[in-house]
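Taking it in order: structure first as structure tokens, then the write-up.
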Amino acid sequence: MKLTKGRIALSVIFLMLLIDQLSKIWIKTHMQLHESIEITPWFYIYFTENNGMAFGIEIISKLFLSVFRLIAVALIGYYLYKIVKENYRTGFIVCISLILAGALGNIIDSVFYGVVFDHSYGQLATFMPENGGYSSWFHGKVVDMLYFPLFSFYWPEWMPMVGGEEFVFFRPIFNLADSAITVGVALLLILYRKNLSK
């Protein structure tokens, strides 16, 4: 059976969301906050949470961010529907689908996780705890777990501001939803710049 472009888009979104959420639920229910598992010297599963800001930066309120994300996802969803109807190239549709799936994956954490899980400080989180979750609707924390410290070194002591401090590349810890967004955007910029200009 030949897949239509709409079905391809839905398949990408569904599979990405499924893998993202299963990995986050496993981390929440099998690891305590800041616990790590070394896979290789340059790849760790490291459980951390953030309020949903890029690199944990907090400038605006969590509720505003969650509502803004919902609006952004609705607009991306409408755009995806439109480009499927206009029969855009399959690769372009897949890129937009990845971005939408990644955004949805992190929204699920923000909207629901505070209610359906208890906290992970010094304990394994419980799904649907009797006493309620660690927060309220729209105030959940985003689960991150992929850490790639590819190499590190110490800055020379004579350097201003950073002298003697350790530099680690790549320091940010992220999740599969973040990866989907990054890959989708990168492929759009590399392969479909002309489509974006339209």
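Residues are named by chain letter and number: chains run A, B, ... in the order of the structure tokens, numbers start at 1 in each chain, and ligands are numbered from 1 in the order shown.
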DSSP on the backbone: which residues in segment 35-196 of chain A end up as helix (DSSP H, G or I)? Give the answer as an mmCIF file with N, CA and C atoms, in the first residue's frame.
data_model
loop_
_atom_site.group_PDB
_atom_site.id
_atom_site.type_symbol
_atom_site.label_atom_id
_atom_site.label_comp_id
_atom_site.auth_asym_id
_atom_site.auth_seq_id
_atom_site.Cartn_x
_atom_site.Cartn_y
_atom_site.Cartn_z
ATOM 1 N N ALA A 54 15.368 26.996 26.738
ATOM 2 C CA ALA A 54 16.583 26.523 26.096
ATOM 3 C C ALA A 54 17.741 26.599 27.082
ATOM 4 N N PHE A 55 18.429 25.477 27.260
ATOM 5 C CA PHE A 55 19.568 25.372 28.170
ATOM 6 C C PHE A 55 19.211 25.762 29.607
ATOM 7 N N GLY A 56 17.921 25.640 29.963
ATOM 8 C CA GLY A 56 17.487 25.919 31.327
ATOM 9 C C GLY A 56 17.400 27.389 31.682
ATOM 10 N N LYS A 62 6.579 30.198 33.377
ATOM 11 C CA LYS A 62 6.349 28.861 32.842
ATOM 12 C C LYS A 62 4.989 28.764 32.150
ATOM 13 N N LEU A 63 3.966 29.334 32.746
ATOM 14 C CA LEU A 63 2.623 29.273 32.163
ATOM 15 C C LEU A 63 2.601 29.972 30.806
ATOM 16 N N PHE A 64 3.227 31.151 30.717
ATOM 17 C CA PHE A 64 3.282 31.886 29.455
ATOM 18 C C PHE A 64 4.003 31.051 28.401
ATOM 19 N N LEU A 65 5.110 30.425 28.798
ATOM 20 C CA LEU A 65 5.870 29.606 27.855
ATOM 21 C C LEU A 65 5.033 28.438 27.346
ATOM 22 N N SER A 66 4.310 27.772 28.240
ATOM 23 C CA SER A 66 3.483 26.625 27.841
ATOM 24 C C SER A 66 2.377 27.048 26.880
ATOM 25 N N VAL A 67 1.711 28.158 27.171
ATOM 26 C CA VAL A 67 0.648 28.650 26.291
ATOM 27 C C VAL A 67 1.231 29.069 24.944
ATOM 28 N N PHE A 68 2.371 29.748 24.964
ATOM 29 C CA PHE A 68 3.037 30.158 23.727
ATOM 30 C C PHE A 68 3.379 28.935 22.875
ATOM 31 N N ARG A 69 3.870 27.887 23.517
ATOM 32 C CA ARG A 69 4.214 26.667 22.790
ATOM 33 C C ARG A 69 2.987 26.029 22.153
ATOM 34 N N LEU A 70 1.876 26.019 22.883
ATOM 35 C CA LEU A 70 0.646 25.443 22.336
ATOM 36 C C LEU A 70 0.204 26.204 21.085
ATOM 37 N N ILE A 71 0.297 27.541 21.140
ATOM 38 C CA ILE A 71 -0.063 28.353 19.978
ATOM 39 C C ILE A 71 0.894 28.075 18.815
ATOM 40 N N ALA A 72 2.193 27.982 19.121
ATOM 41 C CA ALA A 72 3.194 27.708 18.080
ATOM 42 C C ALA A 72 2.951 26.349 17.436
ATOM 43 N N VAL A 73 2.628 25.342 18.249
ATOM 44 C CA VAL A 73 2.359 24.005 17.712
ATOM 45 C C VAL A 73 1.114 24.016 16.833
ATOM 46 N N ALA A 74 0.088 24.763 17.237
ATOM 47 C CA ALA A 74 -1.123 24.870 16.420
ATOM 48 C C ALA A 74 -0.790 25.494 15.062
ATOM 49 N N LEU A 75 0.049 26.522 15.054
ATOM 50 C CA LEU A 75 0.436 27.170 13.792
ATOM 51 C C LEU A 75 1.274 26.242 12.916
ATOM 52 N N ILE A 76 2.208 25.509 13.546
ATOM 53 C CA ILE A 76 3.028 24.558 12.783
ATOM 54 C C ILE A 76 2.145 23.447 12.228
ATOM 55 N N GLY A 77 1.190 22.985 13.035
ATOM 56 C CA GLY A 77 0.263 21.949 12.582
ATOM 57 C C GLY A 77 -0.570 22.412 11.395
ATOM 58 N N TYR A 78 -1.035 23.654 11.458
ATOM 59 C CA TYR A 78 -1.805 24.207 10.336
ATOM 60 C C TYR A 78 -0.929 24.320 9.092
ATOM 61 N N TYR A 79 0.324 24.761 9.276
ATOM 62 C CA TYR A 79 1.250 24.876 8.148
ATOM 63 C C TYR A 79 1.519 23.508 7.536
ATOM 64 N N LEU A 80 1.689 22.494 8.378
ATOM 65 C CA LEU A 80 1.917 21.140 7.872
ATOM 66 C C LEU A 80 0.710 20.656 7.065
ATOM 67 N N TYR A 81 -0.476 20.881 7.593
ATOM 68 C CA TYR A 81 -1.705 20.507 6.877
ATOM 69 C C TYR A 81 -1.751 21.195 5.501
ATOM 70 N N LYS A 82 -1.380 22.461 5.484
ATOM 71 C CA LYS A 82 -1.415 23.244 4.249
ATOM 72 C C LYS A 82 -0.414 22.714 3.216
ATOM 73 N N ILE A 83 0.812 22.405 3.636
ATOM 74 C CA ILE A 83 1.817 21.949 2.664
ATOM 75 C C ILE A 83 1.546 20.521 2.183
ATOM 76 N N VAL A 84 0.875 19.724 3.015
ATOM 77 C CA VAL A 84 0.468 18.393 2.562
ATOM 78 C C VAL A 84 -0.597 18.539 1.471
ATOM 79 N N LYS A 85 -1.568 19.421 1.705
ATOM 80 C CA LYS A 85 -2.639 19.658 0.716
ATOM 81 C C LYS A 85 -2.081 20.213 -0.592
ATOM 82 N N THR A 90 8.095 15.456 -0.327
ATOM 83 C CA THR A 90 7.981 14.578 0.843
ATOM 84 C C THR A 90 9.043 14.912 1.899
ATOM 85 N N GLY A 91 10.259 15.164 1.469
ATOM 86 C CA GLY A 91 11.333 15.484 2.416
ATOM 87 C C GLY A 91 11.038 16.735 3.219
ATOM 88 N N PHE A 92 10.478 17.740 2.562
ATOM 89 C CA PHE A 92 10.116 18.983 3.245
ATOM 90 C C PHE A 92 9.026 18.715 4.281
ATOM 91 N N ILE A 93 8.039 17.912 3.917
ATOM 92 C CA ILE A 93 6.962 17.553 4.838
ATOM 93 C C ILE A 93 7.510 16.785 6.040
ATOM 94 N N VAL A 94 8.456 15.884 5.799
ATOM 95 C CA VAL A 94 9.069 15.126 6.899
ATOM 96 C C VAL A 94 9.803 16.064 7.853
ATOM 97 N N CYS A 95 10.513 17.047 7.325
ATOM 98 C CA CYS A 95 11.221 18.017 8.179
ATOM 99 C C CYS A 95 10.251 18.777 9.084
ATOM 100 N N ILE A 96 9.159 19.274 8.525
ATOM 101 C CA ILE A 96 8.161 19.999 9.320
ATOM 102 C C ILE A 96 7.516 19.055 10.335
ATOM 103 N N SER A 97 7.302 17.805 9.938
ATOM 104 C CA SER A 97 6.728 16.809 10.855
ATOM 105 C C SER A 97 7.658 16.556 12.042
ATOM 106 N N LEU A 98 8.957 16.487 11.797
ATOM 107 C CA LEU A 98 9.927 16.304 12.885
ATOM 108 C C LEU A 98 9.876 17.479 13.860
ATOM 109 N N ILE A 99 9.815 18.690 13.318
ATOM 110 C CA ILE A 99 9.763 19.883 14.176
ATOM 111 C C ILE A 99 8.486 19.865 15.015
ATOM 112 N N LEU A 100 7.368 19.534 14.379
ATOM 113 C CA LEU A 100 6.092 19.477 15.106
ATOM 114 C C LEU A 100 6.121 18.396 16.188
ATOM 115 N N ALA A 101 6.647 17.218 15.856
ATOM 116 C CA ALA A 101 6.723 16.127 16.826
ATOM 117 C C ALA A 101 7.603 16.501 18.010
ATOM 118 N N GLY A 102 8.733 17.148 17.746
ATOM 119 C CA GLY A 102 9.620 17.566 18.827
ATOM 120 C C GLY A 102 8.962 18.578 19.743
ATOM 121 N N ALA A 103 8.287 19.545 19.143
ATOM 122 C CA ALA A 103 7.594 20.556 19.945
ATOM 123 C C ALA A 103 6.489 19.912 20.788
ATOM 124 N N LEU A 104 5.733 18.989 20.191
ATOM 125 C CA LEU A 104 4.676 18.293 20.930
ATOM 126 C C LEU A 104 5.245 17.462 22.073
ATOM 127 N N GLY A 105 6.389 16.805 21.817
ATOM 128 C CA GLY A 105 7.008 15.978 22.859
ATOM 129 C C GLY A 105 7.332 16.768 24.109
ATOM 130 N N ASN A 106 7.899 17.953 23.943
ATOM 131 C CA ASN A 106 8.237 18.776 25.109
ATOM 132 C C ASN A 106 7.008 19.431 25.725
ATOM 133 N N ILE A 107 5.987 19.715 24.917
ATOM 134 C CA ILE A 107 4.742 20.266 25.455
ATOM 135 C C ILE A 107 4.056 19.248 26.367
ATOM 136 N N ILE A 108 4.090 17.974 25.981
ATOM 137 C CA ILE A 108 3.478 16.937 26.815
ATOM 138 C C ILE A 108 4.100 16.965 28.210
ATOM 139 N N ASP A 109 5.434 17.074 28.273
ATOM 140 C CA ASP A 109 6.106 17.168 29.582
ATOM 141 C C ASP A 109 5.591 18.374 30.358
ATOM 142 N N SER A 110 5.586 19.535 29.701
ATOM 143 C CA SER A 110 5.211 20.783 30.373
ATOM 144 C C SER A 110 3.772 20.775 30.871
ATOM 145 N N VAL A 111 2.875 20.257 30.065
ATOM 146 C CA VAL A 111 1.457 20.302 30.417
ATOM 147 C C VAL A 111 1.085 19.226 31.431
ATOM 148 N N PHE A 112 1.574 17.999 31.244
ATOM 149 C CA PHE A 112 1.070 16.861 32.016
ATOM 150 C C PHE A 112 1.989 16.332 33.117
ATOM 151 N N TYR A 113 3.313 16.385 32.939
ATOM 152 C CA TYR A 113 4.201 15.660 33.853
ATOM 153 C C TYR A 113 4.098 16.115 35.304
ATOM 154 N N GLY A 114 3.827 17.392 35.539
ATOM 155 C CA GLY A 114 3.689 17.875 36.910
ATOM 156 C C GLY A 114 2.525 17.252 37.638
ATOM 157 N N VAL A 115 1.521 16.801 36.883
ATOM 158 C CA VAL A 115 0.312 16.217 37.474
ATOM 159 C C VAL A 115 0.401 14.692 37.561
ATOM 160 N N VAL A 116 1.008 14.052 36.562
ATOM 161 C CA VAL A 116 0.989 12.584 36.507
ATOM 162 C C VAL A 116 2.195 11.913 37.162
ATOM 163 N N LEU A 176 15.106 13.441 23.008
ATOM 164 C CA LEU A 176 14.838 13.093 21.606
ATOM 165 C C LEU A 176 13.957 14.120 20.909
ATOM 166 N N ALA A 177 13.064 14.759 21.663
ATOM 167 C CA ALA A 177 12.230 15.813 21.068
ATOM 168 C C ALA A 177 13.101 16.979 20.599
ATOM 169 N N ASP A 178 14.075 17.374 21.428
ATOM 170 C CA ASP A 178 15.013 18.428 21.035
ATOM 171 C C ASP A 178 15.767 18.025 19.762
ATOM 172 N N SER A 179 16.177 16.751 19.709
ATOM 173 C CA SER A 179 16.909 16.252 18.539
ATOM 174 C C SER A 179 16.053 16.326 17.281
ATOM 175 N N ALA A 180 14.772 15.976 17.399
ATOM 176 C CA ALA A 180 13.876 16.020 16.239
ATOM 177 C C ALA A 180 13.760 17.440 15.698
ATOM 178 N N ILE A 181 13.626 18.413 16.615
ATOM 179 C CA ILE A 181 13.539 19.817 16.187
ATOM 180 C C ILE A 181 14.828 20.241 15.496
ATOM 181 N N THR A 182 15.962 19.915 16.116
ATOM 182 C CA THR A 182 17.260 20.317 15.565
ATOM 183 C C THR A 182 17.502 19.703 14.189
ATOM 184 N N VAL A 183 17.237 18.409 14.054
ATOM 185 C CA VAL A 183 17.438 17.731 12.766
ATOM 186 C C VAL A 183 16.491 18.299 11.715
ATOM 187 N N GLY A 184 15.224 18.507 12.089
ATOM 188 C CA GLY A 184 14.252 19.074 11.147
ATOM 189 C C GLY A 184 14.669 20.436 10.642
ATOM 190 N N VAL A 185 15.080 21.314 11.553
ATOM 191 C CA VAL A 185 15.502 22.669 11.164
ATOM 192 C C VAL A 185 16.773 22.616 10.318
ATOM 193 N N ALA A 186 17.750 21.798 10.733
ATOM 194 C CA ALA A 186 19.011 21.702 9.986
ATOM 195 C C ALA A 186 18.776 21.217 8.561
ATOM 196 N N LEU A 187 17.939 20.185 8.406
ATOM 197 C CA LEU A 187 17.652 19.676 7.056
ATOM 198 C C LEU A 187 16.910 20.702 6.207
ATOM 199 N N LEU A 188 16.005 21.454 6.832
ATOM 200 C CA LEU A 188 15.315 22.519 6.088
ATOM 201 C C LEU A 188 16.313 23.537 5.552
ATOM 202 N N LEU A 189 17.241 23.947 6.419
ATOM 203 C CA LEU A 189 18.213 24.969 6.013
ATOM 204 C C LEU A 189 19.184 24.453 4.958
ATOM 205 N N ILE A 190 19.533 23.171 5.045
ATOM 206 C CA ILE A 190 20.505 22.610 4.110
ATOM 207 C C ILE A 190 19.856 22.237 2.771
ATOM 208 N N LEU A 191 18.688 21.578 2.834
ATOM 209 C CA LEU A 191 18.101 20.991 1.626
ATOM 210 C C LEU A 191 16.948 21.777 1.007
ATOM 211 N N ARG A 193 16.077 25.345 1.417
ATOM 212 C CA ARG A 193 16.117 26.794 1.626
ATOM 213 C C ARG A 193 15.191 27.534 0.658
ATOM 214 N N LYS A 194 15.107 27.045 -0.565
ATOM 215 C CA LYS A 194 14.229 27.704 -1.555
ATOM 216 C C LYS A 194 12.759 27.621 -1.157
ATOM 217 N N ASN A 195 12.351 26.482 -0.612
ATOM 218 C CA ASN A 195 10.974 26.335 -0.148
ATOM 219 C C ASN A 195 10.677 27.293 0.997
ATOM 220 N N LEU A 196 11.663 27.517 1.867
ATOM 221 C CA LEU A 196 11.465 28.423 3.003
ATOM 222 C C LEU A 196 11.286 29.849 2.530
#
Next item on the list: Check chain A with DSSP on the backbone and list each residue it calls strand (DSSP E or B), as a count of residues only.
Entry: 31
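Proximity to Val168 of chain A was assessed for A:Trp137, A:Ser120, A:Trp42, A:Thr48 counting only C-alpha atoms; the smallest distance is recorded for A:Trp42.
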If you take only C-alpha atoms and a cut-off of 8 Å, which residues of segment 127-162 of chain A touch segment 16-29 of chain A, and what are their nearest atom pairs and distances in Å to one decimal, in chain and number order, as a Markdown table?
| residue | atom | partner | partner_atom | distance |
| --- | --- | --- | --- | --- |
| A:Phe127 | CA | A:Thr29 | CA | 7.5 |
| A:Val143 | CA | A:Lys24 | CA | 6.1 |
| A:Asp144 | CA | A:Lys24 | CA | 7.6 |
| A:Met145 | CA | A:Ile27 | CA | 7.7 |
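Across the structure, atom CA of Leu150 of chain A and atom CA of Gly122 of chain A are spaced 28.0 Å apart.
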Note to self: If we count only C-alpha atoms and set the cut-off at 10 Å, which residues sit around Leu124 of chain A, ignoring sequence neighbours fewer than 5 positions away in its own chain? Please answer as a VMD selection string.
What the structure shows: chain A and resid 27 to 33 117 to 119
Notebook entry, point to check: Hey, which of A:Tyr121, A:Phe148, A:Phe14, A:Phe138 ends up closest to Ser61 of chain A? Count only C-alpha atoms.
Noted result: A:Phe138
Checklist line | Pairwise distance for atom CA of Asn175 of chain A and atom CA of Leu3 of chain A, rounded to one decimal in Å | finding: 28.6 Å
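Atom pair atom CA of Thr40 of chain A / atom CA of Gly164 of chain A has a distance of 26.2 Å (rounded to one decimal).
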